[in-house]
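> Here you go, this is run-v4.cif (mmCIF, C-alpha atoms).
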data_input
loop_
_atom_site.group_PDB
_atom_site.id
_atom_site.type_symbol
_atom_site.label_atom_id
_atom_site.label_comp_id
_atom_site.auth_asym_id
_atom_site.auth_seq_id
_atom_site.Cartn_x
_atom_site.Cartn_y
_atom_site.Cartn_z
ATOM 1 C CA MET A 1 0.000 0.000 0.000
ATOM 2 C CA ASN A 2 2.883 2.343 0.730
ATOM 3 C CA SER A 3 4.407 1.986 -2.768
ATOM 4 C CA ARG A 4 0.987 2.541 -4.314
ATOM 5 C CA MET A 5 0.625 5.832 -2.391
ATOM 6 C CA THR A 6 4.115 6.845 -3.443
ATOM 7 C CA ARG A 7 3.304 6.201 -7.102
ATOM 8 C CA LEU A 8 0.078 8.157 -6.822
ATOM 9 C CA LEU A 9 1.890 11.103 -5.234
ATOM 10 C CA VAL A 10 4.584 11.001 -7.942
ATOM 11 C CA LEU A 11 1.891 10.995 -10.657
ATOM 12 C CA LEU A 12 0.141 13.913 -8.978
ATOM 13 C CA LEU A 13 3.447 15.763 -8.737
ATOM 14 C CA ILE A 14 4.139 15.138 -12.447
ATOM 15 C CA ALA A 15 0.617 16.279 -13.373
ATOM 16 C CA ALA A 16 0.985 19.420 -11.252
ATOM 17 C CA ALA A 17 4.348 20.164 -12.867
ATOM 18 C CA ALA A 18 2.832 19.742 -16.354
ATOM 19 C CA VAL A 19 -0.084 22.055 -15.516
ATOM 20 C CA MET A 20 2.359 24.572 -14.069
ATOM 21 C CA GLY A 21 4.452 24.442 -17.251
ATOM 22 C CA VAL A 22 1.417 25.069 -19.463
ATOM 23 C CA ALA A 23 0.278 27.920 -17.218
ATOM 24 C CA TYR A 24 3.757 29.466 -17.296
ATOM 25 C CA ALA A 25 3.859 29.281 -21.110
ATOM 26 C CA ARG A 26 0.419 30.939 -21.361
ATOM 27 C CA LEU A 27 1.533 33.626 -18.932
ATOM 28 C CA GLY A 28 4.562 34.334 -21.119
ATOM 29 C CA THR A 29 2.359 34.697 -24.193
ATOM 30 C CA ALA A 30 -0.028 36.996 -22.339
ATOM 31 C CA ARG A 31 2.928 39.052 -21.080
ATOM 32 C CA ASP A 32 4.244 39.448 -24.650
ATOM 33 C CA ARG A 33 0.803 40.549 -25.902
ATOM 34 C CA ALA A 34 0.503 43.017 -23.037
ATOM 35 C CA ALA A 35 3.916 44.486 -23.882
ATOM 36 C CA LEU A 36 2.824 44.970 -27.515
ATOM 37 C CA ARG A 37 -0.416 46.619 -26.390
ATOM 38 C CA GLN A 38 1.565 48.884 -24.046
ATOM 39 C CA GLY A 39 3.720 49.996 -26.980
ATOM 40 C CA ASP A 40 0.592 50.734 -29.034
ATOM 41 C CA LEU A 41 -0.909 52.645 -26.122
ATOM 42 C CA THR A 42 2.244 54.735 -25.751
ATOM 43 C CA LEU A 43 2.162 55.647 -29.470
ATOM 44 C CA CYS A 44 -1.541 56.482 -29.312
ATOM 45 C CA MET A 45 -1.067 58.649 -26.214
ATOM 46 C CA ALA A 46 1.794 60.522 -27.900
ATOM 47 C CA ASP A 47 -0.359 61.114 -31.005
ATOM 48 C CA LEU A 48 -3.291 62.281 -28.887
ATOM 49 C CA THR A 49 -1.049 64.640 -26.923
ATOM 50 C CA GLU A 50 0.297 66.100 -30.155
ATOM 51 C CA MET A 51 -3.225 66.514 -31.510
ATOM 52 C CA THR A 52 -4.516 68.292 -28.412
ATOM 53 C CA SER A 53 -1.460 70.488 -27.961
ATOM 54 C CA GLY A 54 -2.264 72.449 -31.109
ATOM 55 C CA ALA A 55 1.302 72.077 -32.328
ATOM 56 C CA GLY A 56 2.008 73.003 -35.901
ATOM 57 C CA PRO A 57 0.925 75.822 -38.165
ATOM 58 C CA GLY A 58 -2.126 77.936 -37.378
ATOM 59 C CA ILE A 59 -5.649 77.219 -38.509
ATOM 60 C CA VAL A 60 -6.121 76.906 -42.237
ATOM 61 C CA VAL A 61 -9.698 77.808 -43.036
ATOM 62 C CA ARG A 62 -11.475 76.187 -45.972
ATOM 63 C CA ALA A 63 -14.332 77.521 -48.062
ATOM 64 C CA GLY A 64 -17.041 75.261 -46.644
ATOM 65 C CA VAL A 65 -18.015 71.759 -45.591
ATOM 66 C CA GLU A 66 -19.767 71.093 -48.914
ATOM 67 C CA ASP A 67 -16.343 71.179 -50.500
ATOM 68 C CA PRO A 68 -15.548 67.697 -51.859
ATOM 69 C CA GLU A 69 -12.057 68.255 -50.468
ATOM 70 C CA LEU A 70 -13.338 67.404 -46.961
ATOM 71 C CA ASN A 71 -14.705 64.083 -48.159
ATOM 72 C CA ARG A 72 -11.409 63.379 -49.931
ATOM 73 C CA ARG A 73 -9.447 64.198 -46.763
ATOM 74 C CA LEU A 74 -11.633 61.921 -44.659
ATOM 75 C CA ARG A 75 -11.209 59.063 -47.123
ATOM 76 C CA ALA A 76 -7.447 59.669 -47.403
ATOM 77 C CA ALA A 77 -7.026 59.644 -43.607
ATOM 78 C CA ALA A 78 -9.049 56.419 -43.423
ATOM 79 C CA THR A 79 -6.853 54.834 -46.098
ATOM 80 C CA ILE A 80 -3.640 55.848 -44.318
ATOM 81 C CA ALA A 81 -5.027 54.454 -41.048
ATOM 82 C CA GLY A 82 -5.757 51.167 -42.821
ATOM 83 C CA VAL A 83 -9.540 51.449 -42.514
ATOM 84 C CA PRO A 84 -10.751 52.652 -45.947
ATOM 85 C CA ASN A 85 -13.903 50.513 -45.861
ATOM 86 C CA GLU A 86 -14.677 51.009 -42.165
ATOM 87 C CA LEU A 87 -15.716 54.666 -42.561
ATOM 88 C CA VAL A 88 -19.401 53.846 -42.967
ATOM 89 C CA SER A 89 -21.060 57.244 -42.597
ATOM 90 C CA ILE A 90 -20.262 60.935 -42.960
ATOM 91 C CA ASP A 91 -23.098 63.196 -41.869
ATOM 92 C CA PRO A 92 -22.538 66.984 -41.784
ATOM 93 C CA GLY A 93 -24.715 68.952 -39.398
ATOM 94 C CA PRO A 94 -25.873 72.566 -39.755
ATOM 95 C CA ALA A 95 -23.329 75.383 -39.778
ATOM 96 C CA ARG A 96 -23.399 77.747 -36.789
ATOM 97 C CA GLN A 97 -21.662 81.064 -36.486
ATOM 98 C CA VAL A 98 -18.824 81.188 -33.977
ATOM 99 C CA ARG A 99 -19.705 84.009 -31.577
ATOM 100 C CA ASP A 100 -18.699 87.485 -32.750
ATOM 101 C CA THR A 101 -16.572 86.224 -35.657
ATOM 102 C CA ASP A 102 -16.813 85.720 -39.398
ATOM 103 C CA TYR A 103 -16.417 81.963 -38.996
ATOM 104 C CA ASP A 104 -18.923 79.145 -39.087
ATOM 105 C CA GLU A 105 -18.455 75.853 -37.318
ATOM 106 C CA THR A 106 -20.031 72.838 -38.948
ATOM 107 C CA VAL A 107 -20.309 69.641 -36.969
ATOM 108 C CA VAL A 108 -19.586 66.472 -38.949
ATOM 109 C CA PHE A 109 -20.648 63.112 -37.540
ATOM 110 C CA LEU A 110 -18.645 60.033 -38.559
ATOM 111 C CA ARG A 111 -19.035 56.351 -37.832
ATOM 112 C CA LEU A 112 -16.200 53.862 -38.169
ATOM 113 C CA ASP A 113 -16.903 50.153 -37.688
ATOM 114 C CA ASN A 114 -14.429 47.432 -36.724
ATOM 115 C CA VAL A 115 -11.406 49.616 -35.947
ATOM 116 C CA THR A 116 -8.652 49.177 -33.400
ATOM 117 C CA LEU A 117 -7.721 52.042 -31.118
ATOM 118 C CA ARG A 118 -4.451 52.433 -32.982
ATOM 119 C CA GLN A 119 -6.262 52.751 -36.328
ATOM 120 C CA LEU A 120 -8.702 55.257 -34.835
ATOM 121 C CA VAL A 121 -5.960 57.437 -33.348
ATOM 122 C CA THR A 122 -4.003 57.271 -36.621
ATOM 123 C CA PHE A 123 -7.131 58.363 -38.509
ATOM 124 C CA LEU A 124 -7.785 61.298 -36.153
ATOM 125 C CA HIS A 125 -4.114 62.286 -36.146
ATOM 126 C CA GLN A 126 -4.028 62.337 -39.952
ATOM 127 C CA LEU A 127 -7.107 64.574 -40.030
ATOM 128 C CA SER A 128 -5.837 67.082 -37.487
ATOM 129 C CA ASP A 129 -2.337 67.100 -38.936
ATOM 130 C CA LYS A 130 -3.448 67.784 -42.522
ATOM 131 C CA ASP A 131 -6.271 70.232 -41.857
ATOM 132 C CA LYS A 132 -6.100 72.595 -38.888
ATOM 133 C CA ALA A 133 -9.699 73.705 -39.530
ATOM 134 C CA LEU A 134 -10.854 70.228 -38.549
ATOM 135 C CA ARG A 135 -10.774 69.072 -34.937
ATOM 136 C CA THR A 136 -12.270 66.278 -32.904
ATOM 137 C CA LYS A 137 -14.981 67.421 -30.502
ATOM 138 C CA MET A 138 -16.286 64.098 -29.223
ATOM 139 C CA LEU A 139 -15.452 60.417 -29.464
ATOM 140 C CA GLN A 140 -17.679 57.537 -28.390
ATOM 141 C CA LEU A 141 -16.545 53.923 -28.439
ATOM 142 C CA ALA A 142 -18.707 50.829 -28.339
ATOM 143 C CA PRO A 143 -17.931 47.162 -28.903
ATOM 144 C CA SER A 144 -17.871 46.284 -32.579
ATOM 145 C CA ALA A 145 -21.323 46.037 -34.114
ATOM 146 C CA GLN A 146 -20.297 42.660 -35.568
ATOM 147 C CA THR A 147 -21.374 40.909 -32.395
ATOM 148 C CA GLY A 148 -24.247 41.153 -29.993
ATOM 149 C CA ILE A 149 -21.940 40.950 -26.997
ATOM 150 C CA VAL A 150 -20.823 43.823 -24.800
ATOM 151 C CA ARG A 151 -17.088 43.144 -25.165
ATOM 152 C CA PRO A 152 -15.018 44.175 -28.173
ATOM 153 C CA ILE A 153 -13.787 41.517 -30.597
ATOM 154 C CA VAL A 154 -10.108 40.696 -30.206
ATOM 155 C CA ALA A 155 -8.383 40.756 -33.595
ATOM 156 C CA PRO A 156 -4.669 40.317 -34.420
ATOM 157 C CA GLY A 157 -4.136 44.102 -34.321
ATOM 158 C CA GLY A 158 -6.115 44.598 -31.100
ATOM 159 C CA GLU A 159 -9.710 44.844 -29.975
ATOM 160 C CA LEU A 160 -12.251 45.982 -32.577
ATOM 161 C CA TRP A 161 -14.525 48.906 -31.789
ATOM 162 C CA THR A 162 -17.273 50.961 -33.368
ATOM 163 C CA ALA A 163 -16.382 54.647 -33.078
ATOM 164 C CA ASP A 164 -18.785 57.571 -33.345
ATOM 165 C CA VAL A 165 -16.704 60.677 -33.941
ATOM 166 C CA THR A 166 -17.931 64.258 -33.886
ATOM 167 C CA LEU A 167 -15.692 66.660 -35.782
ATOM 168 C CA ALA A 168 -15.897 70.442 -35.905
ATOM 169 C CA TYR A 169 -15.076 72.020 -39.256
ATOM 170 C CA LEU A 170 -14.279 75.741 -39.186
ATOM 171 C CA SER A 171 -14.943 77.809 -42.320
ATOM 172 C CA PHE A 172 -14.716 81.492 -43.163
ATOM 173 C CA SER A 173 -18.114 83.021 -43.829
ATOM 174 C CA PRO A 174 -18.367 86.813 -43.614
ATOM 175 C CA HIS A 175 -21.529 87.827 -41.780
ATOM 176 C CA LYS A 176 -23.283 91.134 -42.213
ATOM 177 C CA ALA A 177 -23.131 93.388 -39.195
ATOM 178 C CA LYS A 178 -26.415 93.638 -37.299
ATOM 179 C CA PRO A 179 -27.770 97.193 -37.064
#
Translate this structure into structure tokens?

Amino acid sequence: MNSRMTRLLVLLLIAAAAVMGVAYARLGTARDRAALRQGDLTLCMADLTEMTSGAGPGIVVRAGVEDPELNRRLRAAATIAGVPNELVSIDPGPARQVRDTDYDETVVFLRLDNVTLRQLVTFLHQLSDKDKALRTKMLQLAPSAQTGIVRPIVAPGGELWTADVTLAYLSFSPHKAKP
């Protein structure tokens, strides 16, 4: 009976060691993925800081939001970010005069489906870098619309999100002085 117990304990020890080895290997893989995500986060934070700092040349004002140039810029930024087909809607709102100025601000609502945070930040960075009259006012993230679950889909490049972006587009529009 004693040798039987010893064999059982040795088998349990071997099984525990095997489970520990598998767990350690999975931990290493998770650690590597976390390090990659940390690098992506650092790049995204740097891009966001640059975007919000207002660095670069002053505001370049365009003729108006109806200009096909805005649509071209949005599509070009989406292509550079690697999401040319994920920009599913562009909906300009009404233009409103910026208080006591000759400028109008037009709100433009965008929806991007199935994008990673890195792709989204790259898209927004491209827009703000190329056109100083265009800035992000609001950003809402939700899990990708591909699933009915409340968690984002994990893809090779990161988690996939649906992003609703509100942009403000500034344009010069001389207003008549009120008597």
> The PyMOL selection byres ((chain A and resi 115-120) around 7) on the file shown: which residues, as a list in words?
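Here the PyMOL selection byres ((chain A and resi 115-120) around 7) matches Asp40, Cys44, Ala81, Gly82, Leu112, Asp113, Asn114, Val121, Thr122, Phe123, Leu124, Gly157, Gly158, Glu159, Leu160, Trp161 and Thr162 of chain A.
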> When distances are computed from all atoms listed in the file, which of A:Gln38, A:Met45, A:Arg33, A:Val19 shows the smallest separation from His125 of chain A?
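Under the stated criterion, the closest residue is A:Met45.
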> Run the PyMOL selection byres ((chain A and resi 127) around 10) on the file and write out the hits as a list in words.
Met51, Leu70, Arg73, Leu74, Arg75, Ala76, Ala77, Ala78, Val121, Thr122, Phe123, Leu124, His125, Gln126, Ser128, Asp129, Lys130, Asp131, Lys132, Ala133, Leu134, Arg135, Thr136 and Leu167 of chain A
> Using Å and a single decimal, report how far atom CA of Thr166 of chain A sits from atom CA of Val108 of chain A.
5.8 Å
> Would you please work out which residue, of A:Met138, A:Ala17, A:Ala25, A:Leu36, is nearest to Ala168 of chain A when using all atoms listed in the file?
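Closest residue, counting all atoms listed in the file: A:Met138.
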> Provide the atom CA of Thr106 of chain A to atom CA of Leu43 of chain A distance in Å, to one decimal place.
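Between these atoms lies a distance of 29.6 Å.
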> In Å, rounded to a single decimal, give me how far atom CA of Met20 of chain A is from atom CA of Leu8 of chain A.
18.1 Å
> Starting from the PyMOL selection byres ((chain A and resi 90) around 10), expand the selection into actual residues of this file and give them as a VMD selection string.
chain A and resid 71 74 87 to 89 91 to 93 108 to 112 165 to 166
> For N, CA, C and O atoms, please extract segment 101-132 of chain A from the block and return it as a PDB file, in the first residue's frame.

ATOM      1  N   THR A 101     -17.631  86.399 -34.661  1.00  0.00           N
ATOM      2  CA  THR A 101     -16.572  86.224 -35.657  1.00  0.00           C
ATOM      3  C   THR A 101     -17.201  86.042 -37.031  1.00  0.00           C
ATOM      4  O   THR A 101     -18.427  85.925 -37.157  1.00  0.00           O
ATOM      5  N   ASP A 102     -16.356  86.004 -38.036  1.00  0.00           N
ATOM      6  CA  ASP A 102     -16.813  85.720 -39.398  1.00  0.00           C
ATOM      7  C   ASP A 102     -16.578  84.253 -39.755  1.00  0.00           C
ATOM      8  O   ASP A 102     -16.326  83.919 -40.909  1.00  0.00           O
ATOM      9  N   TYR A 103     -16.651  83.385 -38.771  1.00  0.00           N
ATOM     10  CA  TYR A 103     -16.417  81.963 -38.996  1.00  0.00           C
ATOM     11  C   TYR A 103     -17.650  81.164 -38.617  1.00  0.00           C
ATOM     12  O   TYR A 103     -18.368  81.497 -37.678  1.00  0.00           O
ATOM     13  N   ASP A 104     -17.871  80.112 -39.390  1.00  0.00           N
ATOM     14  CA  ASP A 104     -18.923  79.145 -39.087  1.00  0.00           C
ATOM     15  C   ASP A 104     -18.268  77.840 -38.670  1.00  0.00           C
ATOM     16  O   ASP A 104     -17.213  77.468 -39.187  1.00  0.00           O
ATOM     17  N   GLU A 105     -18.923  77.173 -37.737  1.00  0.00           N
ATOM     18  CA  GLU A 105     -18.455  75.853 -37.318  1.00  0.00           C
ATOM     19  C   GLU A 105     -19.523  74.849 -37.720  1.00  0.00           C
ATOM     20  O   GLU A 105     -20.688  74.991 -37.346  1.00  0.00           O
ATOM     21  N   THR A 106     -19.129  73.894 -38.517  1.00  0.00           N
ATOM     22  CA  THR A 106     -20.031  72.838 -38.948  1.00  0.00           C
ATOM     23  C   THR A 106     -19.616  71.548 -38.264  1.00  0.00           C
ATOM     24  O   THR A 106     -18.449  71.166 -38.298  1.00  0.00           O
ATOM     25  N   VAL A 107     -20.576  70.913 -37.635  1.00  0.00           N
ATOM     26  CA  VAL A 107     -20.309  69.641 -36.969  1.00  0.00           C
ATOM     27  C   VAL A 107     -20.488  68.531 -38.001  1.00  0.00           C
ATOM     28  O   VAL A 107     -21.458  68.524 -38.764  1.00  0.00           O
ATOM     29  N   VAL A 108     -19.537  67.608 -38.031  1.00  0.00           N
ATOM     30  CA  VAL A 108     -19.586  66.472 -38.949  1.00  0.00           C
ATOM     31  C   VAL A 108     -19.552  65.203 -38.113  1.00  0.00           C
ATOM     32  O   VAL A 108     -18.653  65.021 -37.281  1.00  0.00           O
ATOM     33  N   PHE A 109     -20.554  64.355 -38.290  1.00  0.00           N
ATOM     34  CA  PHE A 109     -20.648  63.112 -37.540  1.00  0.00           C
ATOM     35  C   PHE A 109     -20.128  61.966 -38.402  1.00  0.00           C
ATOM     36  O   PHE A 109     -20.556  61.810 -39.547  1.00  0.00           O
ATOM     37  N   LEU A 110     -19.218  61.182 -37.849  1.00  0.00           N
ATOM     38  CA  LEU A 110     -18.645  60.033 -38.559  1.00  0.00           C
ATOM     39  C   LEU A 110     -18.901  58.765 -37.776  1.00  0.00           C
ATOM     40  O   LEU A 110     -18.966  58.788 -36.543  1.00  0.00           O
ATOM     41  N   ARG A 111     -18.986  57.662 -38.486  1.00  0.00           N
ATOM     42  CA  ARG A 111     -19.035  56.351 -37.832  1.00  0.00           C
ATOM     43  C   ARG A 111     -18.014  55.458 -38.517  1.00  0.00           C
ATOM     44  O   ARG A 111     -17.979  55.344 -39.734  1.00  0.00           O
ATOM     45  N   LEU A 112     -17.173  54.839 -37.689  1.00  0.00           N
ATOM     46  CA  LEU A 112     -16.200  53.862 -38.169  1.00  0.00           C
ATOM     47  C   LEU A 112     -16.500  52.542 -37.479  1.00  0.00           C
ATOM     48  O   LEU A 112     -16.627  52.497 -36.240  1.00  0.00           O
ATOM     49  N   ASP A 113     -16.632  51.479 -38.243  1.00  0.00           N
ATOM     50  CA  ASP A 113     -16.903  50.153 -37.688  1.00  0.00           C
ATOM     51  C   ASP A 113     -15.645  49.300 -37.742  1.00  0.00           C
ATOM     52  O   ASP A 113     -14.836  49.419 -38.668  1.00  0.00           O
ATOM     53  N   ASN A 114     -15.502  48.435 -36.760  1.00  0.00           N
ATOM     54  CA  ASN A 114     -14.429  47.432 -36.724  1.00  0.00           C
ATOM     55  C   ASN A 114     -13.043  48.046 -36.840  1.00  0.00           C
ATOM     56  O   ASN A 114     -12.271  47.690 -37.728  1.00  0.00           O
ATOM     57  N   VAL A 115     -12.724  48.991 -35.958  1.00  0.00           N
ATOM     58  CA  VAL A 115     -11.406  49.616 -35.947  1.00  0.00           C
ATOM     59  C   VAL A 115     -10.736  49.367 -34.602  1.00  0.00           C
ATOM     60  O   VAL A 115     -11.399  49.257 -33.578  1.00  0.00           O
ATOM     61  N   THR A 116      -9.410  49.269 -34.640  1.00  0.00           N
ATOM     62  CA  THR A 116      -8.652  49.177 -33.400  1.00  0.00           C
ATOM     63  C   THR A 116      -8.400  50.595 -32.899  1.00  0.00           C
ATOM     64  O   THR A 116      -8.548  51.562 -33.645  1.00  0.00           O
ATOM     65  N   LEU A 117      -8.009  50.712 -31.660  1.00  0.00           N
ATOM     66  CA  LEU A 117      -7.721  52.042 -31.118  1.00  0.00           C
ATOM     67  C   LEU A 117      -6.564  52.690 -31.867  1.00  0.00           C
ATOM     68  O   LEU A 117      -6.573  53.897 -32.120  1.00  0.00           O
ATOM     69  N   ARG A 118      -5.586  51.887 -32.240  1.00  0.00           N
ATOM     70  CA  ARG A 118      -4.451  52.433 -32.982  1.00  0.00           C
ATOM     71  C   ARG A 118      -4.898  52.997 -34.334  1.00  0.00           C
ATOM     72  O   ARG A 118      -4.472  54.072 -34.741  1.00  0.00           O
ATOM     73  N   GLN A 119      -5.758  52.270 -35.043  1.00  0.00           N
ATOM     74  CA  GLN A 119      -6.262  52.751 -36.328  1.00  0.00           C
ATOM     75  C   GLN A 119      -7.076  54.026 -36.147  1.00  0.00           C
ATOM     76  O   GLN A 119      -6.957  54.964 -36.934  1.00  0.00           O
ATOM     77  N   LEU A 120      -7.886  54.080 -35.088  1.00  0.00           N
ATOM     78  CA  LEU A 120      -8.702  55.257 -34.835  1.00  0.00           C
ATOM     79  C   LEU A 120      -7.843  56.481 -34.532  1.00  0.00           C
ATOM     80  O   LEU A 120      -8.067  57.563 -35.082  1.00  0.00           O
ATOM     81  N   VAL A 121      -6.829  56.309 -33.683  1.00  0.00           N
ATOM     82  CA  VAL A 121      -5.960  57.437 -33.348  1.00  0.00           C
ATOM     83  C   VAL A 121      -5.162  57.876 -34.577  1.00  0.00           C
ATOM     84  O   VAL A 121      -4.977  59.075 -34.816  1.00  0.00           O
ATOM     85  N   THR A 122      -4.715  56.923 -35.386  1.00  0.00           N
ATOM     86  CA  THR A 122      -4.003  57.271 -36.621  1.00  0.00           C
ATOM     87  C   THR A 122      -4.912  58.072 -37.547  1.00  0.00           C
ATOM     88  O   THR A 122      -4.497  59.078 -38.126  1.00  0.00           O
ATOM     89  N   PHE A 123      -6.158  57.651 -37.679  1.00  0.00           N
ATOM     90  CA  PHE A 123      -7.131  58.363 -38.509  1.00  0.00           C
ATOM     91  C   PHE A 123      -7.322  59.794 -38.009  1.00  0.00           C
ATOM     92  O   PHE A 123      -7.218  60.754 -38.783  1.00  0.00           O
ATOM     93  N   LEU A 124      -7.558  59.966 -36.718  1.00  0.00           N
ATOM     94  CA  LEU A 124      -7.785  61.298 -36.153  1.00  0.00           C
ATOM     95  C   LEU A 124      -6.530  62.163 -36.240  1.00  0.00           C
ATOM     96  O   LEU A 124      -6.613  63.362 -36.501  1.00  0.00           O
ATOM     97  N   HIS A 125      -5.375  61.541 -36.050  1.00  0.00           N
ATOM     98  CA  HIS A 125      -4.114  62.286 -36.146  1.00  0.00           C
ATOM     99  C   HIS A 125      -3.903  62.781 -37.573  1.00  0.00           C
ATOM    100  O   HIS A 125      -3.486  63.923 -37.800  1.00  0.00           O
ATOM    101  N   GLN A 126      -4.178  61.937 -38.545  1.00  0.00           N
ATOM    102  CA  GLN A 126      -4.028  62.337 -39.952  1.00  0.00           C
ATOM    103  C   GLN A 126      -4.941  63.519 -40.269  1.00  0.00           C
ATOM    104  O   GLN A 126      -4.540  64.454 -40.948  1.00  0.00           O
ATOM    105  N   LEU A 127      -6.177  63.479 -39.769  1.00  0.00           N
ATOM    106  CA  LEU A 127      -7.107  64.574 -40.030  1.00  0.00           C
ATOM    107  C   LEU A 127      -6.622  65.883 -39.420  1.00  0.00           C
ATOM    108  O   LEU A 127      -6.598  66.915 -40.085  1.00  0.00           O
ATOM    109  N   SER A 128      -6.231  65.841 -38.157  1.00  0.00           N
ATOM    110  CA  SER A 128      -5.837  67.082 -37.487  1.00  0.00           C
ATOM    111  C   SER A 128      -4.495  67.591 -37.983  1.00  0.00           C
ATOM    112  O   SER A 128      -4.240  68.791 -37.966  1.00  0.00           O
ATOM    113  N   ASP A 129      -3.652  66.700 -38.449  1.00  0.00           N
ATOM    114  CA  ASP A 129      -2.337  67.100 -38.936  1.00  0.00           C
ATOM    115  C   ASP A 129      -2.436  67.762 -40.310  1.00  0.00           C
ATOM    116  O   ASP A 129      -1.725  68.718 -40.593  1.00  0.00           O
ATOM    117  N   LYS A 130      -3.330  67.282 -41.145  1.00  0.00           N
ATOM    118  CA  LYS A 130      -3.448  67.784 -42.522  1.00  0.00           C
ATOM    119  C   LYS A 130      -4.345  69.004 -42.641  1.00  0.00           C
ATOM    120  O   LYS A 130      -4.204  69.784 -43.567  1.00  0.00           O
ATOM    121  N   ASP A 131      -5.305  69.148 -41.736  1.00  0.00           N
ATOM    122  CA  ASP A 131      -6.271  70.232 -41.857  1.00  0.00           C
ATOM    123  C   ASP A 131      -6.537  70.812 -40.473  1.00  0.00           C
ATOM    124  O   ASP A 131      -7.257  70.233 -39.673  1.00  0.00           O
ATOM    125  N   LYS A 132      -5.966  71.970 -40.206  1.00  0.00           N
ATOM    126  CA  LYS A 132      -6.100  72.595 -38.888  1.00  0.00           C
ATOM    127  C   LYS A 132      -7.498  73.158 -38.652  1.00  0.00           C
ATOM    128  O   LYS A 132      -7.842  73.528 -37.541  1.00  0.00           O
TER     129      LYS A 132
END
